[in-house]
Structures are given as structure tokens and as C-alpha cells.
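So this one's work_5.pdb, PDB, C-alpha atoms:
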```pdb
ATOM      1  CA  MET A  90       0.000   0.000   0.000
ATOM      2  CA  LYS A  91       1.349   3.411  -0.946
ATOM      3  CA  ASP A  92       2.099   5.846   1.868
ATOM      4  CA  ILE A  93       2.638   9.226   0.233
ATOM      5  CA  GLU A  94       2.867  11.177   3.491
ATOM      6  CA  ASN A  95       5.837   9.243   4.836
ATOM      7  CA  ALA A  96       7.422   8.932   1.386
ATOM      8  CA  TYR A  97       7.330  12.732   1.123
ATOM      9  CA  LYS A  98       8.859  13.107   4.589
ATOM     10  CA  SER A  99      11.579  10.663   3.569
ATOM     11  CA  GLU A 100      12.352  12.730   0.467
ATOM     12  CA  MET A 101      12.681  15.877   2.603
ATOM     13  CA  GLU A 102      15.115  13.999   4.880
ATOM     14  CA  TYR A 103      17.009  12.781   1.814
ATOM     15  CA  LYS A 104      17.402  16.358   0.561
ATOM     16  CA  ARG A 105      18.609  17.611   3.951
ATOM     17  CA  LEU A 106      21.207  14.853   4.258
ATOM     18  CA  ARG A 107      22.465  15.363   0.704
ATOM     19  CA  ALA A 108      22.723  19.129   1.290
ATOM     20  CA  ASP A 109      24.899  18.400   4.354
ATOM     21  CA  GLY A 110      27.124  16.035   2.355
ATOM     22  CA  ILE A 111      25.939  12.947   4.235
ATOM     23  CA  LYS A 112      25.626   9.664   2.322
ATOM     24  CA  THR A 113      22.185   8.093   2.456
ATOM     25  CA  LEU A 114      19.859   5.768   0.594
ATOM     26  CA  ASP A 115      18.977   6.716  -2.967
ATOM     27  CA  LEU A 116      15.606   8.393  -3.284
ATOM     28  CA  LEU A 117      14.172   5.448  -5.227
ATOM     29  CA  ASP A 118      15.148   3.051  -2.427
ATOM     30  CA  ARG A 119      13.469   5.356   0.068
ATOM     31  CA  VAL A 120      10.150   5.687  -1.737
ATOM     32  CA  GLN A 121      10.058   1.971  -2.514
ATOM     33  CA  GLU A 122       9.888   1.418   1.241
ATOM     34  CA  TYR A 123       6.527   3.196   1.112
ATOM     35  CA  GLY A 124       4.980   1.283  -1.766
ATOM     36  CA  PHE A 125       6.146   3.209  -4.857
ATOM     37  CA  ASP A 126       7.708   1.158  -7.648
ATOM     38  CA  THR A 127       9.176   4.073  -9.620
ATOM     39  CA  LEU A 128      10.145   7.696  -9.070
ATOM     40  CA  GLU A 129       7.655   8.749 -11.755
ATOM     41  CA  GLU A 130       4.846   7.108  -9.801
ATOM     42  CA  TYR A 131       6.016   8.815  -6.624
ATOM     43  CA  PHE A 132       6.400  12.274  -8.176
ATOM     44  CA  ASN A 133       2.898  12.083  -9.697
ATOM     45  CA  ASP A 134       1.362  11.245  -6.315
ATOM     46  CA  LYS A 135       3.567  13.841  -4.643
ATOM     47  CA  ILE A 136       1.999  16.642  -6.711
ATOM     48  CA  ASP A 137      -1.501  15.580  -5.647
ATOM     49  CA  TYR A 138      -0.342  15.384  -2.016
ATOM     50  CA  GLN A 139       1.204  18.853  -2.144
ATOM     51  CA  ILE A 140      -1.876  20.344  -3.820
ATOM     52  CA  LYS A 141      -4.118  18.778  -1.169
ATOM     53  CA  ASN A 142      -1.979  20.248   1.618
ATOM     54  CA  THR A 143      -1.573  23.727   0.134
ATOM     55  CA  PRO A 144      -4.145  26.370   1.152
ATOM     56  CA  PHE A 145      -5.736  27.963  -1.901
ATOM     57  CA  THR A 146      -7.479  31.309  -1.927
ATOM     58  CA  PHE A 147     -10.655  31.642  -3.981
ATOM     59  CA  GLN A 148     -12.093  34.615  -5.816
ATOM     60  CA  GLU A 149     -14.886  35.182  -8.277
ATOM     61  CA  VAL A 150     -14.021  38.222 -10.356
ATOM     62  CA  TYR A 151     -15.108  40.031 -13.487
ATOM     63  CA  PRO A 152     -12.772  39.633 -16.469
ATOM     64  CA  GLU A 153     -11.625  43.247 -16.287
ATOM     65  CA  ASN A 154     -10.164  42.557 -12.819
ATOM     66  CA  ALA A 155      -8.846  39.065 -13.438
ATOM     67  CA  ALA A 156      -5.396  39.967 -14.792
ATOM     68  CA  GLU A 157      -4.699  42.302 -11.863
ATOM     69  CA  GLU A 158      -5.755  39.665  -9.313
ATOM     70  CA  MET A 159      -3.705  36.996 -11.063
ATOM     71  CA  MET A 160      -0.615  39.224 -11.026
ATOM     72  CA  LYS A 161      -1.071  39.851  -7.296
ATOM     73  CA  MET A 162      -1.023  36.119  -6.607
ATOM     74  CA  ILE A 163       1.893  35.549  -8.987
ATOM     75  CA  SER A 164       4.016  38.276  -7.359
ATOM     76  CA  LYS A 165       3.432  36.751  -3.909
ATOM     77  CA  GLY A 166       3.853  33.142  -5.027
ATOM     78  CA  GLU A 167       0.427  32.317  -3.622
ATOM     79  CA  ALA A 168      -1.844  29.415  -4.468
ATOM     80  CA  GLY A 169      -5.218  30.529  -5.744
ATOM     81  CA  LEU A 170      -8.214  29.765  -7.902
ATOM     82  CA  LEU A 171     -10.005  32.479  -9.882
ATOM     83  CA  LEU A 172     -13.324  31.972 -11.607
ATOM     84  CA  MET A 173     -14.290  34.765 -13.970
ATOM     85  CA  ASN A 174     -17.921  35.875 -14.060
ATOM     86  CA  THR A 175     -18.337  36.397 -17.778
ATOM     87  CA  ASP A 176     -21.595  38.135 -18.701
ATOM     88  CA  LYS A 177     -20.363  39.427 -22.067
ATOM     89  CA  THR A 178     -17.793  38.539 -24.702
ATOM     90  CA  VAL A 179     -14.175  39.233 -23.725
ATOM     91  CA  VAL A 180     -10.811  38.249 -25.199
ATOM     92  CA  TYR A 181      -7.930  36.994 -23.058
ATOM     93  CA  HIS A 182      -4.882  37.797 -25.167
ATOM     94  CA  GLY A 183      -1.527  36.096 -24.651
ATOM     95  CA  ASP A 184       1.000  35.836 -27.472
ATOM     96  CA  GLY A 185      -1.290  34.824 -30.350
ATOM     97  CA  TYR A 186      -3.114  36.582 -33.151
ATOM     98  CA  TYR A 187      -6.480  38.237 -32.688
ATOM     99  CA  ASN A 188      -8.567  40.503 -34.897
ATOM    100  CA  LYS A 189      -8.134  43.840 -33.168
ATOM    101  CA  GLU A 190     -10.349  45.713 -35.627
ATOM    102  CA  TYR A 191     -13.241  43.293 -35.072
ATOM    103  CA  CYS A 192     -12.944  43.648 -31.299
ATOM    104  CA  VAL A 193     -12.925  47.452 -31.520
ATOM    105  CA  GLU A 194     -15.875  47.476 -33.916
ATOM    106  CA  HIS A 195     -17.949  45.217 -31.659
ATOM    107  CA  ASN A 196     -16.837  46.782 -28.333
ATOM    108  CA  ILE A 197     -15.230  43.541 -27.138
ATOM    109  CA  PRO A 198     -12.805  44.126 -24.238
ATOM    110  CA  VAL A 199      -9.320  42.628 -24.642
ATOM    111  CA  ILE A 200      -7.613  41.533 -21.420
ATOM    112  CA  GLU A 201      -3.832  41.321 -21.785
ATOM    113  CA  TYR A 202      -2.013  38.452 -20.063
ATOM    114  CA  LEU A 203       1.707  37.692 -19.913
ATOM    115  CA  THR A 204       0.990  34.170 -21.070
ATOM    116  CA  ILE A 205       2.251  31.735 -23.677
ATOM    117  CA  GLY A 206      -0.624  30.119 -25.494
ATOM    118  CA  GLY A 207      -2.472  32.374 -27.858
ATOM    119  CA  THR A 208      -5.898  33.968 -27.562
ATOM    120  CA  LEU A 209      -8.924  32.775 -25.575
ATOM    121  CA  VAL A 210     -12.439  33.996 -26.347
ATOM    122  CA  ALA A 211     -14.969  33.952 -23.505
ATOM    123  CA  SER A 212     -18.629  34.854 -23.497
ATOM    124  CA  SER A 213     -21.699  34.550 -21.322
ATOM    125  CA  GLY A 214     -22.345  31.072 -19.911
ATOM    126  CA  GLU A 215     -18.801  29.800 -20.334
ATOM    127  CA  LEU A 216     -16.280  28.955 -17.612
ATOM    128  CA  SER A 217     -13.073  30.972 -17.438
ATOM    129  CA  ILE A 218     -10.513  29.670 -14.959
ATOM    130  CA  GLY A 219      -7.340  31.117 -13.492
ATOM    131  CA  VAL A 220      -5.015  28.952 -11.371
ATOM    132  CA  CYS A 221      -1.834  29.976  -9.542
ATOM    133  CA  ILE A 222       0.435  27.397  -7.885
ATOM    134  CA  PRO A 223       3.758  28.060  -6.084
ATOM    135  CA  ARG A 224       6.835  26.884  -7.994
ATOM    136  CA  ASP A 225       7.905  24.501  -5.221
ATOM    137  CA  ILE A 226       5.109  22.270  -6.538
ATOM    138  CA  ASP A 227       6.379  20.870  -9.822
ATOM    139  CA  VAL A 228       3.306  21.275 -12.027
ATOM    140  CA  SER A 229       2.892  22.050 -15.719
ATOM    141  CA  LEU A 230       0.111  23.028 -18.099
ATOM    142  CA  ASP A 231       0.103  19.461 -19.401
ATOM    143  CA  TRP A 232      -0.541  18.202 -15.847
ATOM    144  CA  LEU A 233      -3.357  20.709 -15.297
ATOM    145  CA  LEU A 234      -5.067  19.913 -18.603
ATOM    146  CA  HIS A 235      -4.847  16.166 -17.956
ATOM    147  CA  LYS A 236      -6.556  16.717 -14.600
ATOM    148  CA  ILE A 237      -9.380  18.626 -16.288
ATOM    149  CA  ALA A 238      -9.565  16.042 -19.092
ATOM    150  CA  ASP A 239      -9.841  13.167 -16.600
ATOM    151  CA  TYR A 240     -12.818  14.866 -14.968
ATOM    152  CA  LEU A 241     -14.571  15.729 -18.233
ATOM    153  CA  SER A 242     -14.060  12.192 -19.600
ATOM    154  CA  GLN A 243     -16.529  10.922 -16.992
ATOM    155  CA  TYR A 244     -19.280  12.759 -18.890
ATOM    156  CA  GLU A 245     -18.054  13.359 -22.415
ATOM    157  CA  GLY A 246     -16.106  10.228 -23.330
ATOM    158  CA  GLU A 247     -12.477  10.472 -24.378
ATOM    159  CA  VAL A 248     -10.980  13.945 -23.940
ATOM    160  CA  ILE A 249      -7.534  14.433 -25.499
ATOM    161  CA  VAL A 250      -4.829  16.868 -24.394
ATOM    162  CA  ASP A 251      -3.255  18.463 -27.472
ATOM    163  CA  LYS A 252      -0.604  21.011 -26.479
ATOM    164  CA  ASN A 253      -2.601  23.921 -24.967
ATOM    165  CA  ASP A 254      -6.032  22.549 -25.898
ATOM    166  CA  LEU A 255      -8.554  19.887 -24.943
ATOM    167  CA  LEU A 256     -10.208  18.031 -27.820
ATOM    168  CA  ILE A 257     -13.230  15.781 -28.205
ATOM    169  CA  ASN A 258     -13.329  13.898 -31.518
ATOM    170  CA  GLY A 259     -10.657  16.275 -32.782
ATOM    171  CA  ASN A 260     -12.692  19.372 -31.929
ATOM    172  CA  LYS A 261     -11.560  21.988 -29.422
ATOM    173  CA  ILE A 262     -13.627  22.401 -26.242
ATOM    174  CA  CYS A 263     -10.982  24.133 -24.111
ATOM    175  CA  GLY A 264      -8.045  26.433 -24.729
ATOM    176  CA  ALA A 265      -5.399  27.382 -22.181
ATOM    177  CA  ALA A 266      -2.357  29.589 -21.727
ATOM    178  CA  VAL A 267       0.458  29.505 -19.186
ATOM    179  CA  TYR A 268       2.840  31.873 -17.421
ATOM    180  CA  LYS A 269       5.802  30.964 -15.205
ATOM    181  CA  ASP A 270       8.308  32.913 -13.173
ATOM    182  CA  ASP A 271      10.570  32.047 -10.239
ATOM    183  CA  LYS A 272       7.683  32.233  -7.744
ATOM    184  CA  SER A 273       4.615  30.895  -9.474
ATOM    185  CA  PHE A 274       3.088  28.700 -12.128
ATOM    186  CA  SER A 275      -0.144  30.206 -13.437
ATOM    187  CA  ALA A 276      -2.590  29.265 -16.151
ATOM    188  CA  VAL A 277      -5.843  30.477 -17.618
ATOM    189  CA  ALA A 278      -8.282  28.145 -19.336
ATOM    190  CA  GLN A 279     -11.615  28.528 -21.090
ATOM    191  CA  LEU A 280     -14.274  25.798 -21.227
ATOM    192  CA  SER A 281     -17.044  26.139 -23.822
ATOM    193  CA  PHE A 282     -20.631  25.051 -23.206
ATOM    194  CA  ASP A 283     -22.383  26.207 -26.385
ATOM    195  CA  ASP A 284     -21.645  27.027 -30.003
ATOM    196  CA  LYS A 285     -19.317  30.039 -30.304
ATOM    197  CA  SER A 286     -17.580  28.847 -33.465
ATOM    198  CA  GLU A 287     -18.492  31.854 -35.630
ATOM    199  CA  LEU A 288     -17.450  34.317 -32.927
ATOM    200  CA  ILE A 289     -14.140  32.497 -32.427
ATOM    201  CA  ARG A 290     -13.422  32.473 -36.169
ATOM    202  CA  ASN A 291     -14.152  36.203 -36.390
ATOM    203  CA  ILE A 292     -11.713  36.960 -33.566
ATOM    204  CA  CYS A 293      -9.040  34.277 -33.928
ATOM    205  CA  GLY A 294      -9.128  33.627 -37.647
ATOM    206  CA  ALA A 295      -8.793  30.205 -39.309
ATOM    207  CA  ASN A 296      -9.096  27.223 -36.975
ATOM    208  CA  LYS A 297      -5.821  25.592 -38.117
ATOM    209  CA  GLY A 298      -7.358  22.126 -38.100
ATOM    210  CA  LYS A 299      -9.140  22.415 -34.735
ATOM    211  CA  ASN A 300     -12.818  23.231 -35.091
ATOM    212  CA  PRO A 301     -14.364  24.978 -32.072
ATOM    213  CA  SER A 302     -16.808  22.780 -30.179
ATOM    214  CA  TRP A 303     -18.478  22.649 -26.778
ATOM    215  CA  LEU A 304     -19.372  20.391 -23.867
ATOM    216  CA  THR A 305     -22.820  18.814 -24.025
ATOM    217  CA  ASN A 306     -23.102  16.326 -21.130
ATOM    218  CA  VAL A 307     -21.668  18.294 -18.218
ATOM    219  CA  THR A 308     -22.725  21.738 -17.038
ATOM    220  CA  ARG A 309     -20.761  24.851 -16.207
ATOM    221  CA  GLU A 310     -21.918  24.594 -12.605
ATOM    222  CA  GLN A 311     -20.730  20.984 -12.303
ATOM    223  CA  CYS A 312     -17.269  21.931 -13.593
ATOM    224  CA  ARG A 313     -17.144  24.984 -11.346
ATOM    225  CA  GLU A 314     -17.955  22.962  -8.227
ATOM    226  CA  ALA A 315     -15.524  20.190  -9.190
ATOM    227  CA  LEU A 316     -12.669  22.718  -9.451
ATOM    228  CA  LYS A 317     -13.521  24.177  -6.054
ATOM    229  CA  LYS A 318     -13.738  20.719  -4.479
ATOM    230  CA  TRP A 319     -10.378  19.740  -5.951
ATOM    231  CA  LEU A 320      -8.394  22.847  -4.988
ATOM    232  CA  LEU A 321     -10.161  24.355  -1.979
TER     233      LEU A 321
END
```
Translate the structure described by the file into C-alpha cells.
Amino acid sequence: MKDIENAYKSEMEYKRLRADGIKTLDLLDRVQEYGFDTLEEYFNDKIDYQIKNTPFTFQEVYPENAAEEMMKMISKGEAGLLLMNTDKTVVYHGDGYYNKEYCVEHNIPVIEYLTIGGTLVASSGELSIGVCIPRDIDVSLDWLLHKIADYLSQYEGEVIVDKNDLLINGNKICGAAVYKDDKSFSAVAQLSFDDKSELIRNICGANKGKNPSWLTNVTREQCREALKKWLL
């Protein structure tokens, strides 16, 4: 039986001894004593253990305030979950193309993020997520998207992680972008719950092989509560 709590304590002891120049058991030998066959298996469970034991703040904010609140958490290296109350169309712009003229013409606010991962389009009824995690927890966007995909697969069938996106039958139901510095890992993600394909094409241009789609068997509220249960 795996014992992640004592395996984690053993790793901390291992690091202290190595820092002091004291010979000790290899880390693999240590975690095997607590039921882990490989370091990969241990490190995966370690992330979940650290997340579970890290206090997360929670805020519901309007999109116009989201970037500022995210930057506050990033600068402090805090763990937090933001859910954006989207009652109109907004664009979260990272490093990708968007149709600026269209946004100006249609009075669509553009929220600038220091993220890698393109442009996310949000509108009423969708779920916009912001997550900040301290850098001492070794997470990645791939890890975060796989967590979301595992949850959605319970309702929607197979959900595939493809770089910064989640796909169902090759169609995009979630886009995400990431930012990292020496204090924090942060990501924003956008889950779609109805057909916004024309709007997305107008703002983001050609789909580049990924047609916009949406979730049909799980609700925004279910996803919202699942995120809160997981992180809070």
C-alpha cells in the first residue's frame, strides 16, 4: 500500500542529508519502502499530495479585474483559484493573433495576459478559470489539462490533451495559456458550453485544423464545483 505522506517526509530527509554532504539511501530506495515502484509514480502522487496540503485562496471576479488579481497572486507566489464571471464577450490575449479591428468594432474588451498560449475567447455562460500554484510544486500546463480532461471524460467520453487545448473527436472544447516565473506557475483556461464557433473564427481567424466545439453532457456549474472541491 502506498504511503505518500511518509514517502514525502523521507524525500525531505534525503534532501537535507544530501545538502549536508551525508551519504544516504537513494531516493528510489526510500520511496520503494513506502509502496512506490518508480520515481515517476512517486512524483505524480507527490503533486496531488502537495496540492491537497496547500491552502488555496478563492475569488470570483469580473474579467476586467482578473489579470490584476492573477498578477497579485503571482508576485506573492500564492496558491489561488479564480473563476471569472463572464456576462459578455471578452478576449484573453496572450502571445497569439487576434482581430483587433473586429474587437474594436464590436466593443469587445481585450484583457492582456503575460501568457504563452495564444488567444482565448470567452462569453456569457462559459467557464473561465485562473489557477496559480507556487513553484515549489512541480506542475505544468500538461498536468493541469490532464486533470481537467480526466474529470470531463466521466461525462463526455475520451478527452484528449493536445498542447494547450482539450479536444473531443478532434474538436476543441478548451483552450489554455500559461505563465511561469521564479515564484509561481499560473494558467488560464476557457471551457465552452455552447456554439461560439463563428465568434471564435471572427476573432481568432482560421481554426488551423481544430474546429471549435463545446461540452454537451456536463454543465458549467458541475465543472465549477468540481474545481472548487479539488483545490479548496
Near segment 266-287 of chain A, 8 Å: segment 127-187 of chain A residue rows, closest pairs, all atoms listed in the file, as a tab-separated table:
```
residue	atom	partner	partner_atom	distance
A:Ile163	CA	A:Ser273	CA	5.4
A:Ser164	CA	A:Lys272	CA	7.1
A:Lys165	CA	A:Lys272	CA	7.3
A:Gly166	CA	A:Lys272	CA	4.8
A:Glu167	CA	A:Ser273	CA	7.3
A:Gly183	CA	A:Ala266	CA	7.2
```
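Using only C-alpha atoms, the smallest distance between any of A:Tyr240, A:Phe125, A:Tyr97, A:Phe145 and Ile222 of chain A comes from A:Phe145.
The residues that lie within 12 Å of the point (-4.6, 17.2, -18.5), counting all atoms listed in the file, are Val228, Ser229, Leu230, Asp231, Trp232, Leu233, Leu234, His235, Lys236, Ile237, Ala238, Asp239, Tyr240, Leu241, Ser242, Glu247, Val248, Ile249, Val250, Asp251, Lys252, Asn253, Asp254, Leu255, Leu256, Cys263, Gly264, Ala265 and Ala278 of chain A.
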Problem set entry | Residues near Glu100 of chain A, cut-off 8 Å, all atoms listed in the file, skip fewer than 3 positions along chain, as an NGL selection string | :A and (96-97 or 103-104 or 116 or 119-120)
Problem set entry | Nearest candidate to Thr208 of chain A (options A:Asp225, A:Asp184, A:Glu194, A:Asp126; using all atoms listed in the file) |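 Counting all atoms listed in the file, the residue closest to Thr208 of chain A is A:Asp184.
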Exercise. Pick from A:Glu149, A:Asp92, A:Asp137, A:Glu157: nearest to Met173 of chain A, with only C-alpha atoms counted?
Worked result: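 For Met173 of chain A, the nearest of the candidates is A:Glu149.
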